[in-house]
>>> print(open('model-v4.cif').read())   # mmCIF, C-alpha atoms (C1' of nucleotides)
data_start
#
loop_
_atom_site.label_atom_id
_atom_site.label_comp_id
_atom_site.auth_asym_id
_atom_site.auth_seq_id
_atom_site.Cartn_x
_atom_site.Cartn_y
_atom_site.Cartn_z
CA MET Z 176 -10.97 -4.96 11.10
CA ARG Z 177 -7.37 -3.89 11.13
CA SER Z 178 -6.50 -1.25 13.66
CA GLU Z 179 -6.34 2.38 12.66
CA LYS Z 180 -2.83 2.70 14.04
CA ARG Z 181 -1.58 -0.13 11.91
CA LYS Z 182 -3.29 1.25 8.84
CA LYS Z 183 -1.55 4.56 9.30
CA LEU Z 184 1.84 2.99 9.76
CA GLU Z 185 1.41 0.96 6.61
CA ALA Z 186 0.24 4.01 4.69
CA ALA Z 187 3.41 5.70 5.85
CA GLY Z 188 5.37 2.99 4.12
CA TRP Z 189 6.04 0.72 7.03
CA ARG Z 190 5.44 -2.97 7.35
CA ILE Z 191 4.39 -4.83 10.43
CA GLY Z 192 7.31 -6.70 11.84
CA ASP Z 193 9.67 -3.83 11.19
CA ALA Z 194 11.59 -2.56 14.14
CA SER Z 195 9.90 0.73 13.28
CA ASP Z 196 6.74 -0.55 14.96
CA PHE Z 197 7.87 1.51 17.91
CA LEU Z 198 8.89 4.64 16.06
CA GLU Z 199 6.78 7.74 16.13
CA LEU Z 200 5.79 9.96 13.25
CA THR Z 201 6.47 13.67 13.43
CA PRO Z 202 3.31 15.80 13.57
CA GLY Z 203 3.77 16.73 9.93
CA GLU Z 204 4.22 13.13 8.85
CA ALA Z 205 1.16 12.08 10.81
CA GLU Z 206 -0.93 14.84 9.22
CA PHE Z 207 0.29 13.81 5.80
CA VAL Z 208 -0.78 10.22 6.35
CA GLU Z 209 -4.17 11.29 7.67
CA ILE Z 210 -4.73 13.44 4.61
CA LYS Z 211 -3.92 10.52 2.35
CA LEU Z 212 -6.30 8.28 4.27
CA ALA Z 213 -9.06 10.86 4.06
CA LEU Z 214 -8.60 11.23 0.31
CA ALA Z 215 -8.58 7.47 -0.13
CA ARG Z 216 -11.78 7.05 1.87
CA ARG Z 217 -13.55 9.77 -0.07
CA LEU Z 218 -12.44 8.27 -3.37
CA ARG Z 219 -14.04 4.96 -2.48
CA GLU Z 220 -17.21 6.73 -1.37
CA LEU Z 221 -17.48 8.69 -4.60
CA ARG Z 222 -16.84 5.61 -6.71
CA GLU Z 223 -19.53 3.68 -4.87
CA GLU Z 224 -21.96 6.59 -5.15
CA HIS Z 225 -21.49 6.43 -8.91
CA GLU Z 226 -21.81 2.64 -8.72
CA TRP Z 227 -18.59 2.27 -10.67
CA THR Z 228 -16.30 -0.72 -10.42
CA GLN Z 229 -12.63 -0.09 -9.77
CA ALA Z 230 -12.01 -1.03 -13.38
CA GLU Z 231 -14.51 1.58 -14.53
CA LEU Z 232 -12.92 4.31 -12.45
CA ALA Z 233 -9.49 3.20 -13.66
CA ARG Z 234 -10.66 3.62 -17.24
CA ARG Z 235 -11.82 7.16 -16.52
CA VAL Z 236 -8.62 8.08 -14.75
CA GLY Z 237 -6.43 6.36 -17.32
CA SER Z 238 -5.07 3.91 -14.81
CA SER Z 239 -5.60 0.27 -13.88
CA GLN Z 240 -7.88 -1.64 -11.53
CA SER Z 241 -5.00 -2.69 -9.33
CA ARG Z 242 -3.84 0.87 -8.89
CA VAL Z 243 -7.34 2.00 -7.97
CA ALA Z 244 -7.44 -0.74 -5.34
CA LYS Z 245 -4.12 0.54 -4.00
CA MET Z 246 -5.41 4.11 -4.00
CA GLU Z 247 -8.41 3.14 -1.93
CA ALA Z 248 -6.13 1.23 0.42
CA ALA Z 249 -3.87 4.31 0.73
CA ASP Z 250 -0.97 2.11 -0.33
CA PRO Z 251 2.38 3.81 0.27
CA THR Z 252 3.24 3.56 -3.42
CA VAL Z 253 0.30 5.78 -4.31
CA SER Z 254 0.97 9.50 -4.58
CA VAL Z 255 -1.31 12.28 -3.43
CA ASP Z 256 -1.11 13.55 -7.00
CA LEU Z 257 -2.83 10.43 -8.28
CA LEU Z 258 -5.42 10.48 -5.50
CA LEU Z 259 -6.20 14.09 -6.32
CA ARG Z 260 -6.49 13.48 -10.05
CA SER Z 261 -8.74 10.52 -9.38
CA LEU Z 262 -11.01 12.43 -7.04
CA LEU Z 263 -11.37 15.16 -9.63
CA ALA Z 264 -12.07 12.54 -12.29
CA ALA Z 265 -14.71 11.11 -9.98
CA GLY Z 266 -16.49 14.43 -9.95
CA ALA Z 267 -15.11 16.15 -6.88
CA ASP Z 268 -14.28 19.83 -7.27
CA ARG Z 269 -11.66 21.97 -5.53
CA HIS Z 270 -14.00 22.92 -2.78
CA GLU Z 271 -14.92 19.36 -1.94
CA VAL Z 272 -11.31 18.23 -2.00
CA GLY Z 273 -10.47 21.02 0.40
CA ARG Z 274 -13.27 19.89 2.67
CA VAL Z 275 -11.97 16.34 2.64
CA VAL Z 276 -8.41 17.40 3.33
CA GLY Z 277 -9.32 19.72 6.15
CA ALA Z 278 -11.97 17.63 7.85
CA ARG Z 279 -11.38 15.87 11.12
CA ARG Z 280 -12.17 12.19 11.37
CA ARG Z 281 -15.33 11.38 9.39
CA MET G 17 4.13 40.16 -14.75
CA ARG G 18 3.42 36.99 -16.63
CA SER G 19 -0.19 36.27 -17.38
CA GLU G 20 -2.13 33.90 -15.18
CA LYS G 21 -3.14 31.84 -18.18
CA ARG G 22 0.44 31.26 -19.18
CA LYS G 23 1.43 30.37 -15.64
CA LYS G 24 -1.23 27.70 -15.53
CA LEU G 25 -0.21 26.21 -18.82
CA GLU G 26 3.40 26.01 -17.71
CA ALA G 27 2.40 24.45 -14.41
CA ALA G 28 0.53 21.87 -16.43
CA GLY G 29 3.79 20.94 -18.05
CA TRP G 30 3.53 22.94 -21.20
CA ARG G 31 5.98 25.33 -22.70
CA ILE G 32 5.20 28.49 -24.55
CA GLY G 33 5.68 27.98 -28.23
CA ASP G 34 4.14 24.56 -28.12
CA ALA G 35 1.28 23.93 -30.46
CA SER G 36 -0.64 23.12 -27.31
CA ASP G 37 -1.00 26.84 -26.69
CA PHE G 38 -4.39 26.40 -28.17
CA LEU G 39 -5.39 23.23 -26.38
CA GLU G 40 -7.82 23.28 -23.53
CA LEU G 41 -7.54 21.52 -20.19
CA THR G 42 -10.36 19.31 -19.01
CA PRO G 43 -12.18 20.70 -15.94
CA GLY G 44 -10.37 18.18 -13.75
CA GLU G 45 -6.96 19.06 -15.14
CA ALA G 46 -7.66 22.75 -14.68
CA GLU G 47 -8.72 22.22 -11.07
CA PHE G 48 -5.61 20.19 -10.44
CA VAL G 49 -3.37 22.95 -11.72
CA GLU G 50 -5.21 25.57 -9.69
CA ILE G 51 -4.76 23.49 -6.56
CA LYS G 52 -1.04 23.23 -7.20
CA LEU G 53 -0.79 26.97 -7.76
CA ALA G 54 -2.71 27.68 -4.56
CA LEU G 55 -0.44 25.38 -2.55
CA ALA G 56 2.65 26.95 -4.09
CA ARG G 57 1.45 30.47 -3.29
CA ARG G 58 0.67 29.56 0.30
CA LEU G 59 4.03 27.89 0.73
CA ARG G 60 5.80 31.08 -0.22
CA GLU G 61 3.59 33.10 2.08
CA LEU G 62 4.27 30.81 5.03
CA ARG G 63 7.99 30.82 4.38
CA GLU G 64 8.05 34.60 4.24
CA GLU G 65 5.95 34.85 7.39
CA HIS G 66 8.59 32.80 9.18
CA GLU G 67 11.27 34.93 7.53
CA TRP G 68 13.01 31.81 6.30
CA THR G 69 15.21 31.68 3.23
CA GLN G 70 14.49 28.98 0.67
CA ALA G 71 17.61 27.22 1.90
CA GLU G 72 16.29 27.27 5.47
CA LEU G 73 12.96 25.77 4.45
CA ALA G 74 14.77 23.21 2.32
CA ARG G 75 16.76 22.14 5.37
CA ARG G 76 13.58 21.65 7.38
CA VAL G 77 11.88 19.71 4.60
CA GLY G 78 14.98 17.67 3.81
CA SER G 79 15.20 19.05 0.31
CA SER G 80 17.30 21.61 -1.54
CA GLN G 81 17.06 25.34 -2.22
CA SER G 82 16.56 24.79 -5.93
CA ARG G 83 13.66 22.46 -5.32
CA VAL G 84 12.01 24.95 -2.99
CA ALA G 85 12.33 27.57 -5.71
CA LYS G 86 10.66 25.15 -8.11
CA MET G 87 7.92 24.42 -5.61
CA GLU G 88 7.10 28.07 -5.22
CA ALA G 89 7.09 28.43 -8.99
CA ALA G 90 4.71 25.45 -9.25
CA ASP G 91 7.18 23.86 -11.64
CA PRO G 92 5.65 20.86 -13.44
CA THR G 93 8.33 18.57 -12.00
CA VAL G 94 7.19 19.16 -8.41
CA SER G 95 4.58 16.85 -6.99
CA VAL G 96 1.63 17.73 -4.82
CA ASP G 97 3.11 15.30 -2.33
CA LEU G 98 6.19 17.45 -1.92
CA LEU G 99 4.16 20.65 -1.74
CA LEU G 100 2.00 19.09 0.96
CA ARG G 101 4.94 17.82 2.99
CA SER G 102 6.56 21.23 2.73
CA LEU G 103 3.46 23.09 3.82
CA LEU G 104 3.14 20.82 6.84
CA ALA G 105 6.83 21.31 7.60
CA ALA G 106 6.21 25.06 7.39
CA GLY G 107 3.63 24.81 10.14
CA ALA G 108 0.38 24.42 8.26
CA ASP G 109 -2.05 21.88 9.65
CA ARG G 110 -4.67 19.74 7.91
CA HIS G 111 -7.33 22.33 8.34
CA GLU G 112 -5.29 25.10 6.81
CA VAL G 113 -4.23 22.94 3.89
CA GLY G 114 -7.87 22.15 3.27
CA ARG G 115 -8.68 25.82 3.33
CA VAL G 116 -5.96 26.53 0.77
CA VAL G 117 -7.03 23.70 -1.50
CA GLY G 118 -10.69 24.60 -1.40
CA ALA G 119 -10.43 28.36 -1.59
CA ARG G 120 -11.34 30.27 -4.69
CA ARG G 121 -8.86 32.74 -6.09
CA ARG G 122 -7.07 34.59 -3.29
"C1'" DT V 115 -21.68 -26.33 -3.03
"C1'" DG V 116 -19.75 -23.79 -7.64
"C1'" DT V 117 -19.15 -20.01 -10.65
"C1'" DG V 118 -18.40 -15.52 -12.14
"C1'" DA V 119 -17.67 -10.60 -10.91
"C1'" DA V 120 -15.29 -7.46 -8.05
"C1'" DT V 121 -11.51 -6.47 -5.34
"C1'" DA V 122 -6.83 -7.26 -3.27
"C1'" DT V 123 -1.94 -8.31 -3.60
"C1'" DG V 124 2.57 -9.02 -5.71
"C1'" DT V 125 5.81 -8.06 -9.31
"C1'" DC V 126 8.15 -5.76 -13.09
"C1'" DG V 127 10.18 -2.55 -16.76
"C1'" DG V 128 9.77 2.20 -17.79
"C1'" DC V 129 9.26 6.86 -16.78
"C1'" DT V 130 9.33 10.84 -13.61
"C1'" DA V 131 10.17 13.44 -9.47
"C1'" DT V 132 13.89 13.70 -6.53
"C1'" DG V 133 18.14 15.95 -4.05
"C1'" DA V 134 22.36 17.66 -5.27
"C1'" DC V 135 25.12 20.59 -7.67
"C1'" DA V 136 26.60 24.39 -10.73
"C1'" DT V 137 25.67 28.65 -12.20
"C1'" DA V 138 23.00 32.72 -13.55
"C1'" DC V 139 20.23 36.51 -11.99
"C1'" DG V 140 18.57 40.04 -8.76
"C1'" DT V 141 19.03 43.07 -4.85
"C1'" DT V 142 21.17 45.53 -1.16
"C1'" DA V 143 24.97 47.51 1.31
"C1'" DG V 144 29.50 49.25 1.42
"C1'" DC R 202 31.97 49.12 -8.78
"C1'" DT R 203 32.04 44.75 -5.82
"C1'" DA R 204 30.73 41.53 -2.47
"C1'" DA R 205 27.39 39.03 -0.08
"C1'" DC R 206 23.03 37.07 0.06
"C1'" DG R 207 18.82 35.23 -1.73
"C1'" DT R 208 16.47 33.38 -5.59
"C1'" DA R 209 15.92 31.21 -10.29
"C1'" DT R 210 17.19 27.85 -13.78
"C1'" DG R 211 19.36 23.86 -15.91
"C1'" DT R 212 21.35 19.22 -15.60
"C1'" DC R 213 22.22 14.64 -13.79
"C1'" DA R 214 21.97 9.89 -11.48
"C1'" DT R 215 18.97 7.62 -8.74
"C1'" DA R 216 14.87 6.43 -6.01
"C1'" DG R 217 10.13 5.90 -6.26
"C1'" DC R 218 5.67 5.90 -8.66
"C1'" DC R 219 3.55 4.44 -12.65
"C1'" DG R 220 0.40 1.25 -15.67
"C1'" DA R 221 0.14 -3.32 -16.75
"C1'" DC R 222 -0.24 -7.95 -15.83
"C1'" DA R 223 -0.80 -12.29 -13.17
"C1'" DT R 224 -2.83 -14.28 -9.54
"C1'" DA R 225 -5.19 -14.61 -5.05
"C1'" DT R 226 -9.02 -13.51 -2.32
"C1'" DT R 227 -13.70 -12.09 -1.34
"C1'" DC R 228 -18.43 -11.73 -2.35
"C1'" DA R 229 -23.12 -12.54 -4.28
"C1'" DC R 230 -26.18 -15.55 -5.97
"C1'" DA R 231 -28.06 -19.73 -7.58
#
>>> encode(input="model-v4.cif", output="C-alpha coordinates")
Amino acid sequence: MRSEKRKKLEAAGWRIGDASDFLELTPGEAEFVEIKLALARRLRELREEHEWTQAELARRVGSSQSRVAKMEAADPTVSVDLLLRSLLAAGADRHEVGRVVGARRR
Amino acid sequence: MRSEKRKKLEAAGWRIGDASDFLELTPGEAEFVEIKLALARRLRELREEHEWTQAELARRVGSSQSRVAKMEAADPTVSVDLLLRSLLAAGADRHEVGRVVGARRR
DNA sequence: TGTGAATATGTCGGCTATGACATACGTTAG
DNA sequence: CTAACGTATGTCATAGCCGACATATTCACA
(Lines of atoms letter the chains of each structure in order from A and count residues from 1; the text may use other names and numbers.)
(Lines give C-alpha, C1' and ligand atoms only; values in the text may rest on other atoms or scores of the structure.)
Protein backbone atom coordinates (compact mmCIF):
# COMPACT_ATOMS: atom_id res chain seq x y z
CA MET A 1 0.00 0.00 0.00
CA ARG A 2 1.07 3.52 -0.72
CA SER A 3 2.49 5.40 2.21
CA GLU A 4 0.30 7.74 4.22
CA LYS A 5 2.76 10.58 3.73
CA ARG A 6 2.61 10.26 -0.01
CA LYS A 7 -1.15 10.06 0.02
CA LYS A 8 -1.36 13.31 1.93
CA LEU A 9 1.02 15.10 -0.37
CA GLU A 10 -0.97 14.01 -3.39
CA ALA A 11 -4.21 15.05 -1.74
CA ALA A 12 -2.63 18.44 -1.22
CA GLY A 13 -2.20 18.71 -4.95
CA TRP A 14 1.37 17.57 -5.27
CA ARG A 15 2.83 14.93 -7.51
CA ILE A 16 5.66 12.61 -6.72
CA GLY A 17 8.75 13.73 -8.53
CA ASP A 18 8.06 17.36 -7.80
CA ALA A 19 10.78 19.26 -6.07
CA SER A 20 8.10 19.88 -3.45
CA ASP A 21 8.70 16.37 -2.13
CA PHE A 22 10.78 18.07 0.50
CA LEU A 23 8.46 20.93 1.32
CA GLU A 24 6.44 20.98 4.49
CA LEU A 25 2.80 21.82 4.93
CA THR A 26 1.77 24.47 7.42
CA PRO A 27 -0.23 23.10 10.36
CA GLY A 28 -3.41 24.48 8.84
CA GLU A 29 -2.72 22.94 5.45
CA ALA A 30 -1.94 19.60 7.07
CA GLU A 31 -5.18 19.69 9.06
CA PHE A 32 -7.10 20.54 5.91
CA VAL A 33 -5.69 17.56 4.08
CA GLU A 34 -6.39 15.24 7.00
CA ILE A 35 -9.99 16.42 7.11
CA LYS A 36 -10.39 15.70 3.41
CA LEU A 37 -8.90 12.24 3.86
CA ALA A 38 -11.21 11.51 6.77
CA LEU A 39 -14.26 12.58 4.78
CA ALA A 40 -13.14 10.51 1.81
CA ARG A 41 -12.64 7.41 3.95
CA ARG A 42 -16.02 7.79 5.58
CA LEU A 43 -17.71 8.26 2.22
CA ARG A 44 -16.33 4.96 0.99
CA GLU A 45 -17.40 3.25 4.21
CA LEU A 46 -20.94 4.58 3.97
CA ARG A 47 -21.22 3.62 0.32
CA GLU A 48 -20.05 0.10 1.06
CA GLU A 49 -22.41 -0.17 4.03
CA HIS A 50 -25.26 0.60 1.65
CA GLU A 51 -23.75 -1.84 -0.85
CA TRP A 52 -23.91 0.81 -3.53
CA THR A 53 -21.59 0.93 -6.52
CA GLN A 54 -19.81 4.18 -7.25
CA ALA A 55 -22.16 4.62 -10.17
CA GLU A 56 -25.16 4.23 -7.87
CA LEU A 57 -23.85 6.81 -5.42
CA ALA A 58 -23.01 9.11 -8.33
CA ARG A 59 -26.61 8.87 -9.50
CA ARG A 60 -27.87 9.86 -6.06
CA VAL A 61 -25.46 12.75 -5.76
CA GLY A 62 -26.02 13.88 -9.34
CA SER A 63 -22.44 13.25 -10.30
CA SER A 64 -20.46 10.62 -12.20
CA GLN A 65 -18.71 7.37 -11.33
CA SER A 66 -15.31 8.82 -12.09
CA ARG A 67 -15.86 11.74 -9.76
CA VAL A 68 -16.97 9.42 -6.97
CA ALA A 69 -13.77 7.43 -7.47
CA LYS A 70 -11.82 10.68 -7.19
CA MET A 71 -13.73 11.67 -4.08
CA GLU A 72 -12.88 8.41 -2.38
CA ALA A 73 -9.26 8.86 -3.43
CA ALA A 74 -9.28 12.41 -1.98
CA ASP A 75 -8.11 13.64 -5.37
CA PRO A 76 -6.91 17.25 -5.22
CA THR A 77 -9.50 18.29 -7.79
CA VAL A 78 -12.31 17.30 -5.44
CA SER A 79 -13.72 19.99 -3.18
CA VAL A 80 -14.78 19.58 0.42
CA ASP A 81 -18.14 20.93 -0.71
CA LEU A 82 -18.67 17.93 -2.95
CA LEU A 83 -17.46 15.49 -0.30
CA LEU A 84 -19.86 17.03 2.19
CA ARG A 85 -22.82 16.94 -0.18
CA SER A 86 -22.03 13.33 -1.01
CA LEU A 87 -21.78 12.29 2.62
CA LEU A 88 -25.13 13.88 3.32
CA ALA A 89 -26.58 12.18 0.25
CA ALA A 90 -25.20 8.92 1.60
CA GLY A 91 -27.20 9.36 4.76
CA ALA A 92 -24.77 11.05 7.11
CA ASP A 93 -26.19 13.88 9.21
CA ARG A 94 -24.52 17.00 10.61
CA HIS A 95 -23.57 15.29 13.79
CA GLU A 96 -21.87 12.40 12.07
CA VAL A 97 -20.00 14.68 9.70
CA GLY A 98 -18.77 16.64 12.68
CA ARG A 99 -17.60 13.43 14.29
CA VAL A 100 -15.71 12.46 11.16
CA VAL A 101 -14.10 15.87 10.81
CA GLY A 102 -13.05 16.08 14.42
CA ALA A 103 -11.91 12.51 14.95
CA ARG A 104 -8.28 11.56 15.23
CA ARG A 105 -6.97 8.79 13.04
CA ARG A 106 -9.57 6.02 12.70
CA MET B 1 -32.77 41.39 12.06
CA ARG B 2 -33.38 39.25 9.03
CA SER B 3 -35.19 36.02 9.61
CA GLU B 4 -33.24 32.80 9.92
CA LYS B 5 -35.33 31.20 7.21
CA ARG B 6 -34.46 33.91 4.74
CA LYS B 7 -30.79 33.73 5.63
CA LYS B 8 -30.75 30.04 4.88
CA LEU B 9 -32.46 30.45 1.56
CA GLU B 10 -29.99 33.12 0.52
CA ALA B 11 -27.07 30.98 1.62
CA ALA B 12 -28.50 28.25 -0.57
CA GLY B 13 -28.13 30.58 -3.50
CA TRP B 14 -31.62 31.92 -3.68
CA ARG B 15 -32.79 35.47 -3.80
CA ILE B 16 -35.87 36.89 -2.21
CA GLY B 17 -38.51 37.47 -4.80
CA ASP B 18 -37.72 34.25 -6.57
CA ALA B 19 -40.57 31.88 -7.11
CA SER B 20 -38.44 29.45 -5.15
CA ASP B 21 -39.52 31.20 -1.97
CA PHE B 22 -41.96 28.39 -1.68
CA LEU B 23 -39.66 25.54 -2.57
CA GLU B 24 -38.32 23.22 0.06
CA LEU B 25 -34.76 22.01 0.50
CA THR B 26 -34.07 18.31 0.74
CA PRO B 27 -32.83 17.22 4.19
CA GLY B 28 -29.29 16.96 2.82
CA GLU B 29 -29.39 20.41 1.25
CA ALA B 30 -30.73 21.89 4.46
CA GLU B 31 -27.99 20.26 6.51
CA PHE B 32 -25.40 21.53 4.08
CA VAL B 33 -26.62 25.09 4.44
CA GLU B 34 -26.72 24.83 8.21
CA ILE B 35 -23.14 23.60 8.25
CA LYS B 36 -22.05 26.55 6.14
CA LEU B 37 -23.87 28.96 8.44
CA ALA B 38 -22.28 27.39 11.51
CA LEU B 39 -18.80 27.65 9.99
CA ALA B 40 -19.43 31.25 8.99
CA ARG B 41 -20.63 32.19 12.48
CA ARG B 42 -17.63 30.56 14.12
CA LEU B 43 -15.25 32.27 11.74
CA ARG B 44 -16.56 35.66 12.77
CA GLU B 45 -16.35 34.71 16.43
CA LEU B 46 -12.75 33.57 16.11
CA ARG B 47 -11.76 36.67 14.20
CA GLU B 48 -13.33 38.90 16.82
CA GLU B 49 -11.69 36.93 19.62
CA HIS B 50 -8.34 37.67 18.01
CA GLU B 51 -9.43 41.27 17.52
CA TRP B 52 -8.51 41.06 13.86
CA THR B 53 -10.10 43.17 11.16
CA GLN B 54 -11.46 41.38 8.10
CA ALA B 55 -8.48 42.74 6.19
CA GLU B 56 -6.09 41.24 8.74
CA LEU B 57 -7.71 37.81 8.50
CA ALA B 58 -7.72 38.10 4.72
CA ARG B 59 -3.98 38.70 4.79
CA ARG B 60 -3.43 35.58 6.88
CA VAL B 61 -5.66 33.45 4.66
CA GLY B 62 -4.25 34.91 1.45
CA SER B 63 -7.58 36.34 0.43
CA SER B 64 -9.26 39.74 0.38
CA GLN B 65 -11.37 41.77 2.80
CA SER B 66 -14.42 41.53 0.58
CA ARG B 67 -14.20 37.77 0.45
CA VAL B 68 -13.91 37.55 4.22
CA ALA B 69 -17.06 39.66 4.49
CA LYS B 70 -18.77 37.25 2.12
CA MET B 71 -17.54 34.28 4.11
CA GLU B 72 -18.98 35.65 7.31
CA ALA B 73 -22.24 36.34 5.50
CA ALA B 74 -22.26 32.75 4.21
CA ASP B 75 -22.60 34.15 0.71
CA PRO B 76 -23.54 31.43 -1.80
CA THR B 77 -20.36 32.11 -3.79
CA VAL B 78 -18.09 31.05 -0.92
CA SER B 79 -17.09 27.43 -0.71
CA VAL B 80 -16.85 25.26 2.35
CA ASP B 81 -13.24 24.74 1.34
CA LEU B 82 -12.48 28.42 1.83
CA LEU B 83 -14.41 28.57 5.09
CA LEU B 84 -12.46 25.58 6.36
CA ARG B 85 -9.09 26.97 5.32
CA SER B 86 -9.97 30.26 6.96
CA LEU B 87 -11.06 28.66 10.21
CA LEU B 88 -7.82 26.71 10.36
CA ALA B 89 -5.87 29.89 9.59
CA ALA B 90 -7.76 31.55 12.44
CA GLY B 91 -6.45 28.96 14.84
CA ALA B 92 -9.18 26.35 14.90
CA ASP B 93 -8.03 22.75 14.84
CA ARG B 94 -9.70 19.62 13.45
CA HIS B 95 -11.45 18.90 16.67
CA GLU B 96 -12.96 22.33 16.98
CA VAL B 97 -14.09 22.34 13.37
CA GLY B 98 -15.78 19.02 13.99
CA ARG B 99 -17.50 20.45 17.01
CA VAL B 100 -18.77 23.39 14.97
CA VAL B 101 -19.98 21.21 12.13
CA GLY B 102 -21.74 18.75 14.37
CA ALA B 103 -23.26 21.13 16.87
CA ARG B 104 -26.94 21.89 16.93
CA ARG B 105 -28.04 25.49 16.91
CA ARG B 106 -25.72 27.64 19.03
C1' DT C 1 -7.70 -19.02 -18.70
C1' DG C 2 -11.71 -15.40 -20.22
C1' DT C 3 -15.42 -12.36 -19.38
C1' DG C 4 -18.10 -9.00 -17.27
C1' DA C 5 -18.71 -5.76 -13.36
C1' DA C 6 -16.60 -2.41 -10.52
C1' DT C 7 -13.20 0.86 -9.90
C1' DA C 8 -9.28 3.93 -11.30
C1' DT C 9 -7.14 7.33 -14.29
C1' DG C 10 -6.77 10.87 -17.85
C1' DT C 11 -8.79 14.52 -20.50
C1' DC C 12 -11.84 18.22 -21.89
C1' DG C 13 -15.30 22.18 -22.44
C1' DG C 14 -18.16 24.69 -19.40
C1' DC C 15 -19.36 26.80 -15.27
C1' DT C 16 -18.27 28.72 -10.68
C1' DA C 17 -15.53 30.34 -6.89
C1' DT C 18 -11.68 33.12 -6.64
C1' DG C 19 -8.77 37.52 -5.43
C1' DA C 20 -8.73 42.08 -6.64
C1' DC C 21 -10.72 46.30 -7.01
C1' DA C 22 -14.13 50.07 -6.56
C1' DT C 23 -17.38 51.94 -3.90
C1' DA C 24 -21.17 52.28 -0.58
C1' DC C 25 -22.49 51.99 4.18
C1' DG C 26 -21.89 52.24 9.20
C1' DT C 27 -19.65 53.83 13.34
C1' DT C 28 -16.70 56.48 16.25
C1' DA C 29 -13.87 60.37 17.44
C1' DG C 30 -12.61 65.02 16.85
C1' DC D 1 -19.97 68.28 10.12
C1' DT D 2 -15.79 65.46 8.55
C1' DA D 3 -12.30 62.12 8.63
C1' DA D 4 -10.73 57.67 9.53
C1' DC D 5 -11.63 53.01 10.02
C1' DG D 6 -14.11 48.77 9.48
C1' DT D 7 -17.52 46.32 7.00
C1' DA D 8 -20.79 45.26 3.08
C1' DT D 9 -21.83 44.82 -1.79
C1' DG D 10 -21.15 44.59 -6.75
C1' DT D 11 -18.27 43.51 -10.77
C1' DC D 12 -14.63 41.36 -13.45
C1' DA D 13 -10.98 38.14 -15.51
C1' DT D 14 -9.06 34.05 -14.39
C1' DA D 15 -8.02 29.70 -12.02
C1' DG D 16 -9.94 25.59 -10.55
C1' DC D 17 -13.75 22.28 -9.99
C1' DC D 18 -17.34 20.26 -12.36
C1' DG D 19 -19.88 16.28 -14.99
C1' DA D 20 -19.09 13.60 -18.78
C1' DC D 21 -16.67 10.52 -21.46
C1' DA D 22 -13.02 7.25 -22.90
C1' DT D 23 -10.08 3.99 -21.49
C1' DA D 24 -7.20 1.30 -18.27
C1' DT D 25 -6.95 -1.53 -14.37
C1' DT D 26 -8.61 -4.64 -10.84
C1' DC D 27 -11.51 -8.14 -9.15
C1' DA D 28 -14.70 -12.15 -8.82
C1' DC D 29 -16.17 -16.13 -10.64
C1' DA D 30 -16.63 -19.83 -13.76
>>> resolve_selection(input="model-v4.cif", expression="the PyMOL selection byres ((chain V and resi 127) around 12)", output="count of residues only")
8
>>> atom_distance(input="model-v4.cif", atom1="atom CA of Ala56 of chain G", atom2="atom CA of Glu88 of chain G")
4.7 Å
>>> resolve_selection(input="model-v4.cif", expression="the PyMOL selection byres ((chain G and resi 80-83) around 10)", output="ChimeraX atom specification")
/G:69-79,84-89,91,93-94,98 /V:132-135 /R:208-210
>>> resolve_selection(input="model-v4.cif", expression="the PyMOL selection byres ((chain Z) within 8 of (chain G))", output="short mmCIF file (atom, residue, chain, number, x, y, z; two decimals) with C-alpha atoms, keeping the file's coordinate frame")
data_model
loop_
_atom_site.label_atom_id
_atom_site.label_comp_id
_atom_site.auth_asym_id
_atom_site.auth_seq_id
_atom_site.Cartn_x
_atom_site.Cartn_y
_atom_site.Cartn_z
CA GLY Z 203 3.77 16.73 9.93
CA GLU Z 204 4.22 13.13 8.85
CA GLU Z 206 -0.93 14.84 9.22
CA PHE Z 207 0.29 13.81 5.80
CA ILE Z 210 -4.73 13.44 4.61
CA SER Z 254 0.97 9.50 -4.58
CA VAL Z 255 -1.31 12.28 -3.43
CA ASP Z 256 -1.11 13.55 -7.00
CA LEU Z 259 -6.20 14.09 -6.32
CA ARG Z 260 -6.49 13.48 -10.05
CA LEU Z 263 -11.37 15.16 -9.63
CA ALA Z 264 -12.07 12.54 -12.29
CA ASP Z 268 -14.28 19.83 -7.27
CA ARG Z 269 -11.66 21.97 -5.53
CA HIS Z 270 -14.00 22.92 -2.78
CA GLU Z 271 -14.92 19.36 -1.94
CA VAL Z 272 -11.31 18.23 -2.00
CA GLY Z 273 -10.47 21.02 0.40
CA ARG Z 274 -13.27 19.89 2.67
CA VAL Z 275 -11.97 16.34 2.64
CA VAL Z 276 -8.41 17.40 3.33
CA GLY Z 277 -9.32 19.72 6.15
CA ALA Z 278 -11.97 17.63 7.85
#
>>> atom_distance(input="model-v4.cif", atom1="atom CA of Glu223 of chain Z", atom2="atom CA of Lys182 of chain Z")
21.4 Å
>>> atom_distance(input="model-v4.cif", atom1="atom CA of Lys183 of chain Z", atom2="atom CA of Val208 of chain Z")
6.4 Å
>>> interface_residues(input="model-v4.cif", of="chain V", to="chain Z", cutoff="12 Å", atoms="all atoms listed in the file", output="PyMOL selection string")
chain V and resi 119-124+131
>>> axis_aligned_box(input="model-v4.cif", around="segment 119-136 of chain V", padding_each_side="6 Å", output="AutoDock Vina command-line options")
--center_x 4.5 --center_y 6.9 --center_z -10.5 --size_x 56.3 --size_y 47.0 --size_z 26.5
>>> closest_residue(input="model-v4.cif", among="Z:Pro251, Z:Ala187, Z:Leu218, Z:Lys180", to="chain R", atoms="all atoms listed in the file")
Z:Pro251
>>> closest_residue(input="model-v4.cif", among="Z:Arg216, Z:Leu200, Z:Gly188, Z:Arg181", to="chain R", atoms="all atoms listed in the file")
Z:Gly188
>>> closest_residue(input="model-v4.cif", among="R:DC218, R:DC230, R:DA225, R:DA205", to="chain G", atoms="all atoms listed in the file")
R:DC218
